[in-house]
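Asks: Input structure: entry_34.tsv, which contains TSV, C-alpha atoms.
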```tsv
chain	number	residue	atom	x	y	z
A	1039	MET	CA	10.04	27.20	15.57
A	1040	THR	CA	7.64	24.62	16.97
A	1041	SER	CA	6.64	21.32	15.42
A	1042	HIS	CA	3.09	20.36	14.57
A	1043	THR	CA	1.99	17.76	17.11
A	1044	THR	CA	-1.77	18.27	17.10
A	1045	PRO	CA	-3.72	15.54	15.29
A	1046	ALA	CA	-5.53	16.70	12.18
A	1047	GLY	CA	-8.89	15.80	13.72
A	1048	ALA	CA	-8.40	17.83	16.92
A	1049	GLY	CA	-10.35	21.04	17.32
A	1050	ALA	CA	-12.77	20.37	14.51
A	1051	GLY	CA	-13.37	23.91	13.34
A	1052	PRO	CA	-14.64	25.05	9.94
A	1053	GLY	CA	-11.14	24.94	8.45
A	1054	THR	CA	-10.57	21.38	9.66
A	1055	ARG	CA	-13.91	20.23	8.29
A	1056	ARG	CA	-13.19	21.85	4.93
A	1057	ARG	CA	-9.81	20.11	4.72
A	1058	LEU	CA	-11.39	16.78	5.60
A	1059	ILE	CA	-14.15	17.16	2.99
A	1060	ARG	CA	-11.58	18.23	0.40
A	1061	GLU	CA	-9.44	15.16	1.10
A	1062	LEU	CA	-12.43	12.83	0.97
A	1063	LEU	CA	-13.57	14.26	-2.36
A	1064	LEU	CA	-10.02	14.08	-3.74
A	1065	VAL	CA	-9.42	10.47	-2.74
A	1066	VAL	CA	-12.87	9.31	-3.84
A	1067	GLY	CA	-12.50	11.23	-7.11
A	1068	LEU	CA	-9.12	9.67	-7.87
A	1069	PHE	CA	-10.46	6.20	-7.12
A	1070	ALA	CA	-13.51	6.79	-9.34
A	1071	VAL	CA	-11.31	7.92	-12.22
A	1072	TYR	CA	-9.18	4.81	-11.79
A	1073	LYS	CA	-12.20	2.47	-11.70
A	1074	PHE	CA	-13.68	4.13	-14.79
A	1075	GLY	CA	-10.37	4.01	-16.62
A	1076	ARG	CA	-10.01	0.27	-15.98
A	1077	THR	CA	-13.31	-0.40	-17.73
A	1078	LEU	CA	-11.94	1.14	-20.93
A	1079	ALA	CA	-9.73	-1.92	-21.40
A	1080	THR	CA	-12.60	-4.43	-21.34
A	1081	GLY	CA	-13.52	-6.33	-24.48
A	1082	ARG	CA	-9.92	-6.89	-25.61
A	1083	THR	CA	-10.09	-10.61	-24.94
A	1084	GLU	CA	-7.78	-11.92	-27.64
A	1085	GLU	CA	-5.07	-9.38	-26.83
A	1086	ALA	CA	-5.37	-10.15	-23.11
A	1087	PHE	CA	-4.83	-13.88	-23.68
A	1088	ARG	CA	-1.90	-13.29	-26.06
A	1089	ASN	CA	-0.26	-11.14	-23.40
A	1090	ALA	CA	-0.96	-13.82	-20.79
A	1091	THR	CA	0.92	-16.38	-22.88
A	1092	ARG	CA	3.83	-13.95	-23.26
A	1093	VAL	CA	3.98	-13.32	-19.50
A	1094	TRP	CA	3.79	-17.04	-18.72
A	1095	ASP	CA	6.59	-17.81	-21.18
A	1096	ALA	CA	8.70	-14.93	-19.85
A	1097	GLU	CA	8.39	-16.25	-16.29
A	1098	ARG	CA	9.54	-19.69	-17.41
A	1099	THR	CA	12.47	-18.12	-19.26
A	1100	LEU	CA	13.41	-16.22	-16.10
A	1101	HIS	CA	13.09	-19.46	-14.10
A	1102	LEU	CA	10.55	-17.94	-11.72
A	1103	PRO	CA	8.74	-20.48	-9.53
A	1104	GLY	CA	5.42	-21.63	-10.90
A	1105	GLU	CA	2.30	-20.03	-9.45
A	1106	GLY	CA	0.93	-23.55	-9.03
A	1107	MET	CA	3.47	-24.23	-6.28
A	1108	VAL	CA	1.75	-21.70	-4.00
A	1109	GLN	CA	-1.74	-22.79	-5.02
A	1110	ARG	CA	-1.03	-26.44	-4.19
A	1111	LEU	CA	-0.17	-25.37	-0.64
A	1112	LEU	CA	-3.52	-23.57	-0.32
A	1113	LEU	CA	-5.49	-26.47	-1.77
A	1114	HIS	CA	-4.37	-28.79	1.03
A	1115	SER	CA	-7.16	-27.30	3.16
A	1116	ASP	CA	-10.59	-25.97	2.17
A	1117	ALA	CA	-10.46	-23.60	5.15
A	1118	LEU	CA	-7.07	-22.26	4.07
A	1119	VAL	CA	-8.08	-21.56	0.49
A	1120	HIS	CA	-11.34	-19.99	1.68
A	1121	THR	CA	-9.35	-17.75	4.03
A	1122	ALA	CA	-7.05	-16.75	1.15
A	1123	ASN	CA	-10.05	-15.85	-1.03
A	1124	THR	CA	-11.54	-13.81	1.82
A	1125	TYR	CA	-8.24	-12.01	2.34
A	1126	TYR	CA	-8.11	-11.15	-1.37
A	1127	ALA	CA	-11.70	-9.93	-1.44
A	1128	ALA	CA	-12.06	-8.19	1.92
A	1129	VAL	CA	-8.69	-6.92	3.18
A	1130	HIS	CA	-7.16	-4.97	0.28
A	1131	PHE	CA	-9.38	-1.89	0.13
A	1132	PRO	CA	-10.49	-1.57	3.81
A	1133	ALA	CA	-6.89	-1.92	5.04
A	1134	THR	CA	-5.76	0.86	2.71
A	1135	VAL	CA	-8.60	3.14	3.83
A	1136	LEU	CA	-7.87	2.56	7.53
A	1137	PHE	CA	-4.18	3.19	6.87
A	1138	LEU	CA	-4.90	6.55	5.20
A	1139	VAL	CA	-7.37	7.59	7.91
A	1140	TRP	CA	-4.84	6.82	10.66
A	1141	LEU	CA	-2.13	8.79	8.88
A	1142	TYR	CA	-4.49	11.72	8.28
A	1143	VAL	CA	-5.34	11.92	11.98
A	1144	ARG	CA	-1.98	11.09	13.55
A	1145	ARG	CA	0.72	11.85	10.93
A	1146	PRO	CA	-0.54	14.58	8.55
A	1147	ALA	CA	2.81	15.01	6.77
A	1148	HIS	CA	3.14	11.27	6.18
A	1149	TYR	CA	-0.47	11.19	4.99
A	1150	LEU	CA	0.23	13.72	2.23
A	1151	TRP	CA	3.37	11.84	1.21
A	1152	THR	CA	1.53	8.50	1.11
A	1153	ARG	CA	-1.47	9.87	-0.76
A	1154	ARG	CA	0.80	11.35	-3.44
A	1155	VAL	CA	2.82	8.14	-3.78
A	1156	LEU	CA	-0.35	6.05	-4.11
A	1157	ALA	CA	-1.75	8.48	-6.69
A	1158	VAL	CA	1.42	8.20	-8.81
A	1159	LEU	CA	1.49	4.41	-8.46
A	1160	THR	CA	-2.18	4.00	-9.32
A	1161	GLY	CA	-1.97	6.40	-12.28
A	1162	ALA	CA	0.99	4.51	-13.72
A	1163	ALA	CA	-0.85	1.22	-13.17
A	1164	LEU	CA	-3.87	2.55	-15.07
A	1165	VAL	CA	-1.69	3.39	-18.06
A	1166	ILE	CA	-0.35	-0.18	-18.11
A	1167	HIS	CA	-3.85	-1.62	-17.70
A	1168	LEU	CA	-4.93	0.26	-20.82
A	1169	ALA	CA	-1.79	-0.44	-22.86
A	1170	PHE	CA	-1.27	-4.05	-21.81
A	1171	PRO	CA	-4.53	-5.94	-21.08
A	1172	LEU	CA	-3.66	-9.20	-19.37
A	1173	ALA	CA	-5.74	-12.25	-18.53
A	1174	PRO	CA	-4.94	-13.57	-15.03
A	1175	PRO	CA	-3.38	-17.03	-14.65
A	1176	ARG	CA	-6.70	-18.55	-13.52
A	1177	MET	CA	-7.92	-18.04	-17.10
A	1178	LEU	CA	-4.81	-19.38	-18.83
A	1179	GLY	CA	-5.11	-23.01	-19.87
A	1180	ALA	CA	-1.34	-23.51	-19.96
A	1181	ALA	CA	-1.11	-22.65	-16.27
A	1182	HIS	CA	-3.46	-25.48	-15.18
A	1183	LEU	CA	-4.61	-23.48	-12.16
A	1184	VAL	CA	-7.89	-23.49	-10.26
A	1185	ASP	CA	-10.08	-20.39	-10.08
A	1186	THR	CA	-10.28	-20.64	-6.29
A	1187	GLY	CA	-12.73	-17.77	-6.00
A	1188	GLN	CA	-15.34	-19.46	-8.20
A	1189	VAL	CA	-14.75	-22.95	-6.78
A	1190	TYR	CA	-14.38	-22.24	-3.06
A	1191	GLY	CA	-15.59	-18.64	-2.67
A	1192	PRO	CA	-15.85	-15.85	-1.94
A	1193	THR	CA	-15.02	-14.04	-5.16
A	1194	VAL	CA	-15.18	-10.42	-6.32
A	1195	TYR	CA	-15.40	-11.33	-10.01
A	1196	GLY	CA	-18.17	-12.59	-12.25
A	1197	ALA	CA	-17.96	-16.08	-13.71
A	1198	ALA	CA	-17.47	-14.64	-17.20
A	1199	PRO	CA	-15.30	-11.57	-17.88
A	1200	ALA	CA	-17.68	-10.28	-20.55
A	1201	ALA	CA	-20.58	-10.30	-18.07
A	1202	ASP	CA	-18.62	-8.64	-15.26
A	1203	THR	CA	-19.74	-5.00	-15.16
A	1204	MET	CA	-18.13	-4.28	-11.78
A	1205	ALA	CA	-14.48	-5.01	-12.60
A	1206	ASN	CA	-12.08	-5.41	-15.49
A	1207	GLN	CA	-10.68	-8.92	-15.18
A	1208	PHE	CA	-8.07	-8.22	-17.84
A	1209	ALA	CA	-6.21	-5.67	-15.66
A	1210	ALA	CA	-3.87	-8.13	-13.95
A	1211	MET	CA	-0.63	-6.19	-14.46
A	1212	PRO	CA	0.52	-4.61	-12.26
A	1213	SER	CA	-0.98	-6.01	-9.07
A	1214	LEU	CA	-2.26	-3.07	-7.07
A	1215	HIS	CA	-3.25	-5.52	-4.36
A	1216	PHE	CA	0.47	-6.02	-3.80
A	1217	GLY	CA	1.57	-2.46	-4.63
A	1218	TRP	CA	-0.84	-0.84	-2.17
A	1219	ALA	CA	-0.02	-3.44	0.52
A	1220	LEU	CA	3.70	-2.75	0.12
A	1221	MET	CA	3.15	1.01	0.40
A	1222	LEU	CA	1.01	0.47	3.50
A	1223	ALA	CA	3.89	-1.39	5.14
A	1224	LEU	CA	6.52	1.15	4.09
A	1225	GLY	CA	4.30	4.03	5.20
A	1226	MET	CA	3.74	2.55	8.65
A	1227	ILE	CA	7.44	1.84	9.04
A	1228	ALA	CA	8.26	5.44	8.10
A	1229	ALA	CA	5.58	6.97	10.35
A	1230	THR	CA	6.22	4.95	13.51
A	1231	SER	CA	9.22	4.13	15.67
A	1232	SER	CA	8.34	0.83	17.33
A	1233	ARG	CA	11.10	-1.75	17.33
A	1234	TRP	CA	8.53	-4.16	15.86
A	1235	ARG	CA	7.47	-1.93	12.96
A	1236	ALA	CA	9.25	-4.14	10.40
A	1237	LEU	CA	6.49	-6.69	11.03
A	1238	TRP	CA	4.26	-4.52	8.83
A	1239	LEU	CA	6.08	-6.19	5.91
A	1240	LEU	CA	4.10	-9.34	6.70
A	1241	HIS	CA	1.06	-7.68	5.09
A	1242	PRO	CA	2.57	-7.41	1.58
A	1243	LEU	CA	4.16	-10.86	1.99
A	1244	VAL	CA	0.81	-12.48	2.82
A	1245	THR	CA	-0.84	-10.46	0.06
A	1246	LEU	CA	1.74	-11.72	-2.47
A	1247	LEU	CA	1.12	-15.34	-1.52
A	1248	VAL	CA	-2.65	-14.78	-1.66
A	1249	VAL	CA	-2.79	-13.08	-5.07
A	1250	VAL	CA	-0.52	-15.73	-6.60
A	1251	GLY	CA	-2.03	-18.72	-4.81
A	1252	THR	CA	-5.59	-17.75	-5.80
A	1253	ALA	CA	-4.38	-17.47	-9.43
A	1254	ASN	CA	-5.41	-13.83	-9.70
A	1255	HIS	CA	-1.89	-12.57	-10.50
A	1256	TYR	CA	1.44	-13.67	-11.91
A	1257	TRP	CA	4.73	-13.16	-10.09
A	1258	LEU	CA	5.59	-10.54	-12.72
A	1259	ASP	CA	2.49	-8.54	-11.78
A	1260	ALA	CA	3.94	-8.05	-8.30
A	1261	ILE	CA	7.44	-7.35	-9.65
A	1262	VAL	CA	6.13	-4.61	-11.96
A	1263	ALA	CA	4.10	-3.13	-9.08
A	1264	THR	CA	7.26	-3.01	-6.96
A	1265	LEU	CA	9.20	-1.24	-9.71
A	1266	LEU	CA	6.42	1.33	-10.17
A	1267	LEU	CA	6.25	1.94	-6.43
A	1268	GLY	CA	10.03	2.41	-6.32
A	1269	ALA	CA	9.77	5.01	-9.08
A	1270	ALA	CA	6.93	6.79	-7.26
A	1271	LEU	CA	8.98	6.89	-4.04
A	1272	LEU	CA	11.85	8.49	-5.95
A	1273	LEU	CA	9.55	11.11	-7.48
A	1274	VAL	CA	7.64	12.10	-4.32
A	1275	PRO	CA	9.84	13.66	-1.59
A	1276	ARG	CA	9.48	12.16	1.86
A	1277	PRO	CA	8.23	14.35	4.72
A	1278	VAL	CA	10.97	16.25	6.56
A	1279	GLY	CA	11.73	15.10	10.08
A	1280	ARG	CA	10.78	12.08	12.07
A	1281	SER	CA	7.39	11.06	13.37
A	1282	LEU	CA	6.00	12.40	16.66
A	1283	VAL	CA	6.60	9.02	18.28
A	1284	ALA	CA	10.25	9.03	17.22
A	1285	ARG	CA	10.78	12.56	18.59
A	1286	ARG	CA	9.28	11.60	21.92
A	1287	SER	CA	11.25	8.37	22.22
A	1288	VAL	CA	14.68	9.81	21.41
A	1289	PRO	CA	15.94	12.23	24.09
A	1290	GLY	CA	17.44	15.44	22.82
A	1291	PRO	CA	20.73	16.93	23.96
A	1292	ARG	CA	20.59	18.33	27.47
A	1293	SER	CA	21.18	22.03	27.91
A	1294	ALA	CA	24.65	22.84	29.17
A	1295	ALA	CA	24.71	24.04	32.78
A	1296	VAL	CA	25.64	27.65	33.25
A	1297	PRO	CA	28.68	27.88	35.55
A	1298	VAL	CA	28.38	29.81	38.82
A	1299	PRO	CA	30.55	32.94	38.74
A	1300	THR	CA	33.78	32.55	40.63
A	1301	GLY	CA	33.75	34.15	44.03
A	1302	ALA	CA	30.01	34.09	44.48
A	1303	GLY	CA	29.07	33.60	48.08
A	1304	PRO	CA	27.01	30.74	49.39
A	1305	GLY	CA	23.92	32.90	49.51
A	1306	ALA	CA	24.24	34.19	45.96
A	1307	PRO	CA	21.41	33.14	43.61
A	1308	ARG	CA	22.31	30.47	41.06
A	1309	PRO	CA	21.74	31.34	37.41
A	1310	VAL	CA	18.61	29.79	35.95
A	1311	GLU	CA	19.29	27.17	33.28
A	1312	PRO	CA	17.57	27.84	29.95
A	1313	VAL	CA	14.46	25.73	29.38
A	1314	GLU	CA	13.47	24.66	25.90
A	1315	PRO	CA	9.85	25.39	24.92
A	1316	VAL	CA	7.58	22.34	24.67
A	1317	GLY	CA	7.49	20.94	21.16
A	1318	ALA	CA	10.61	22.76	19.99
A	1319	VAL	CA	12.48	21.07	17.19
A	1320	ARG	CA	15.93	19.98	18.22
```
Please go through the file and, once you have read it, give me the structure as structure tokens.
Replies:
Amino acid sequence: MTSHTTPAGAGAGPGTRRRLIRELLLVVGLFAVYKFGRTLATGRTEEAFRNATRVWDAERTLHLPGEGMVQRLLLHSDALVHTANTYYAAVHFPATVLFLVWLYVRRPAHYLWTRRVLAVLTGAALVIHLAFPLAPPRMLGAAHLVDTGQVYGPTVYGAAPAADTMANQFAAMPSLHFGWALMLALGMIAATSSRWRALWLLHPLVTLLVVVGTANHYWLDAIVATLLLGAALLLVPRPVGRSLVARRSVPGPRSAAVPVPTGAGPGAPRPVEPVEPVGAVR
């Protein structure tokens, strides 16, 4: 039995093109359903602010650090807070797309696993968005936080939630910015074998500081996203076997040498050692 080591994009025949188009339609369709579903929770302003007060009080009861602590660090420099706003607005979605494309081309099995985990995570998040509308901390007077996107730019949201037709600003919990970033890091760690692959965890760490420091999410938004991702990882089985890089970097057991029959003369031919086929699974 041989392992699949050919990238998904190699030999672009009709079957490969059909699979690619199918995946594109599936991913775009799932994202469109999610974006449409989020808009169903708009207009529930009073409920969203009541829930925001509950979340804020719960964080204080749990003695979580205040979101303002992170924001004060960002506000020491206009360039730093502008960079954080740009990271929030411009990195989240493109990074996830590039991650999925790389997995699709180089690690097909890990791509399917990741796509399914992200679908479960995003579906669960949509249910919570609809059941628990939540105003972000930048809108909560008790938090005394600055809406850094509106003040320093750039921002992906309208100045008034009611006038924002492109996004539902009351879908703060869970934070898919953090949930997707964490899955990106875990997926890259699982699909690669570099000794430095743990550094991928810097992406969700920076994302966490950005979403909290810009007052777009509470700490609990990230905690709930982590719990949902953990549940999704338990539900979706991981791909069998290691990545191609891991198989190449770890030598397999050498074939045992076949002993020369006793009494064979010096001119007798030596038995040929068995050779494993290229790509065979050890």
Asks: Choose the residue, out of A:Leu1258, A:Val1155, A:Leu1266, A:Leu1273, that has the smallest atom-to-atom separation from Leu1222 of chain A; count all atoms listed in the file.
Replies: A:Val1155
Asks: Mind listing as number ranges by chain all residues within 10 Å of (-4.8, -18.6, -24.8), counting all atoms listed in the file?
Replies: A: 1083-1092, 1173, 1177-1180
Asks: Need the shell around segment 1202-1217 of chain A: protein/DNA/RNA residues with any atom at most 7 Å away, counting only C-alpha atoms. Skip same-chain ones fewer than 6 positions apart. Format as a PDB file with C-alpha atoms, in the coordinates of the input?
Replies:
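For reference, out-v3.pdb as written:
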```
ATOM      1  CA  ARG A1076     -10.010   0.270 -15.980  1.00  0.00           C
ATOM      2  CA  THR A1077     -13.310  -0.400 -17.730  1.00  0.00           C
ATOM      3  CA  THR A1080     -12.600  -4.430 -21.340  1.00  0.00           C
ATOM      4  CA  ALA A1086      -5.370 -10.150 -23.110  1.00  0.00           C
ATOM      5  CA  HIS A1130      -7.160  -4.970   0.280  1.00  0.00           C
ATOM      6  CA  ALA A1163      -0.850   1.220 -13.170  1.00  0.00           C
ATOM      7  CA  HIS A1167      -3.850  -1.620 -17.700  1.00  0.00           C
ATOM      8  CA  PRO A1171      -4.530  -5.940 -21.080  1.00  0.00           C
ATOM      9  CA  LEU A1172      -3.660  -9.200 -19.370  1.00  0.00           C
ATOM     10  CA  ALA A1173      -5.740 -12.250 -18.530  1.00  0.00           C
ATOM     11  CA  PRO A1174      -4.940 -13.570 -15.030  1.00  0.00           C
ATOM     12  CA  TYR A1195     -15.400 -11.330 -10.010  1.00  0.00           C
ATOM     13  CA  GLY A1196     -18.170 -12.590 -12.250  1.00  0.00           C
ATOM     14  CA  PRO A1242       2.570  -7.410   1.580  1.00  0.00           C
ATOM     15  CA  THR A1245      -0.840 -10.460   0.060  1.00  0.00           C
ATOM     16  CA  LEU A1246       1.740 -11.720  -2.470  1.00  0.00           C
ATOM     17  CA  HIS A1255      -1.890 -12.570 -10.500  1.00  0.00           C
ATOM     18  CA  ASP A1259       2.490  -8.540 -11.780  1.00  0.00           C
ATOM     19  CA  ALA A1260       3.940  -8.050  -8.300  1.00  0.00           C
ATOM     20  CA  VAL A1262       6.130  -4.610 -11.960  1.00  0.00           C
ATOM     21  CA  ALA A1263       4.100  -3.130  -9.080  1.00  0.00           C
ATOM     22  CA  THR A1264       7.260  -3.010  -6.960  1.00  0.00           C
ATOM     23  CA  LEU A1267       6.250   1.940  -6.430  1.00  0.00           C
TER      24      LEU A1267
END
```
Asks: Quick one: of A:Arg1055, A:His1148, A:Arg1153, A:His1114, who's nearest to Val1278 of chain A, counting all atoms listed in the file?
Replies: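 Counting all atoms listed in the file, the residue closest to Val1278 of chain A is A:His1148.
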Asks: Set the distance at 7 Å and use only C-alpha atoms: which residues neighbour segment 1108-1111 of chain A once local chain neighbours fewer than 5 positions away are removed? I'd like the list as a PyMOL selection string.
Replies: chain A and resi 1247+1250-1252
Asks: Record the distance separating atom CA of Val1119 of chain A and atom CA of Phe1131 of chain A, expressed in Å with one decimal.
Replies: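 Computing it gives 19.7 Å between the two atoms.
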Asks: So what do you get for atom CA of Leu1156 of chain A versus atom CA of Pro1103 of chain A, distance-wise?
Replies: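 So the answer is 28.6 Å.
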Asks: Please report the interatomic distance between atom CA of Gly1106 of chain A and atom CA of Ala1128 of chain A in Å with one decimal.
Replies: 22.9 Å
Asks: Counting only C-alpha atoms, figure out which residue out of A:Ala1117, A:Ala1223, A:Ala1228, A:Leu1068 gets nearest to Ala1147 of chain A.
Replies: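 Result for the nearest residue to Ala1147 of chain A: A:Ala1228.
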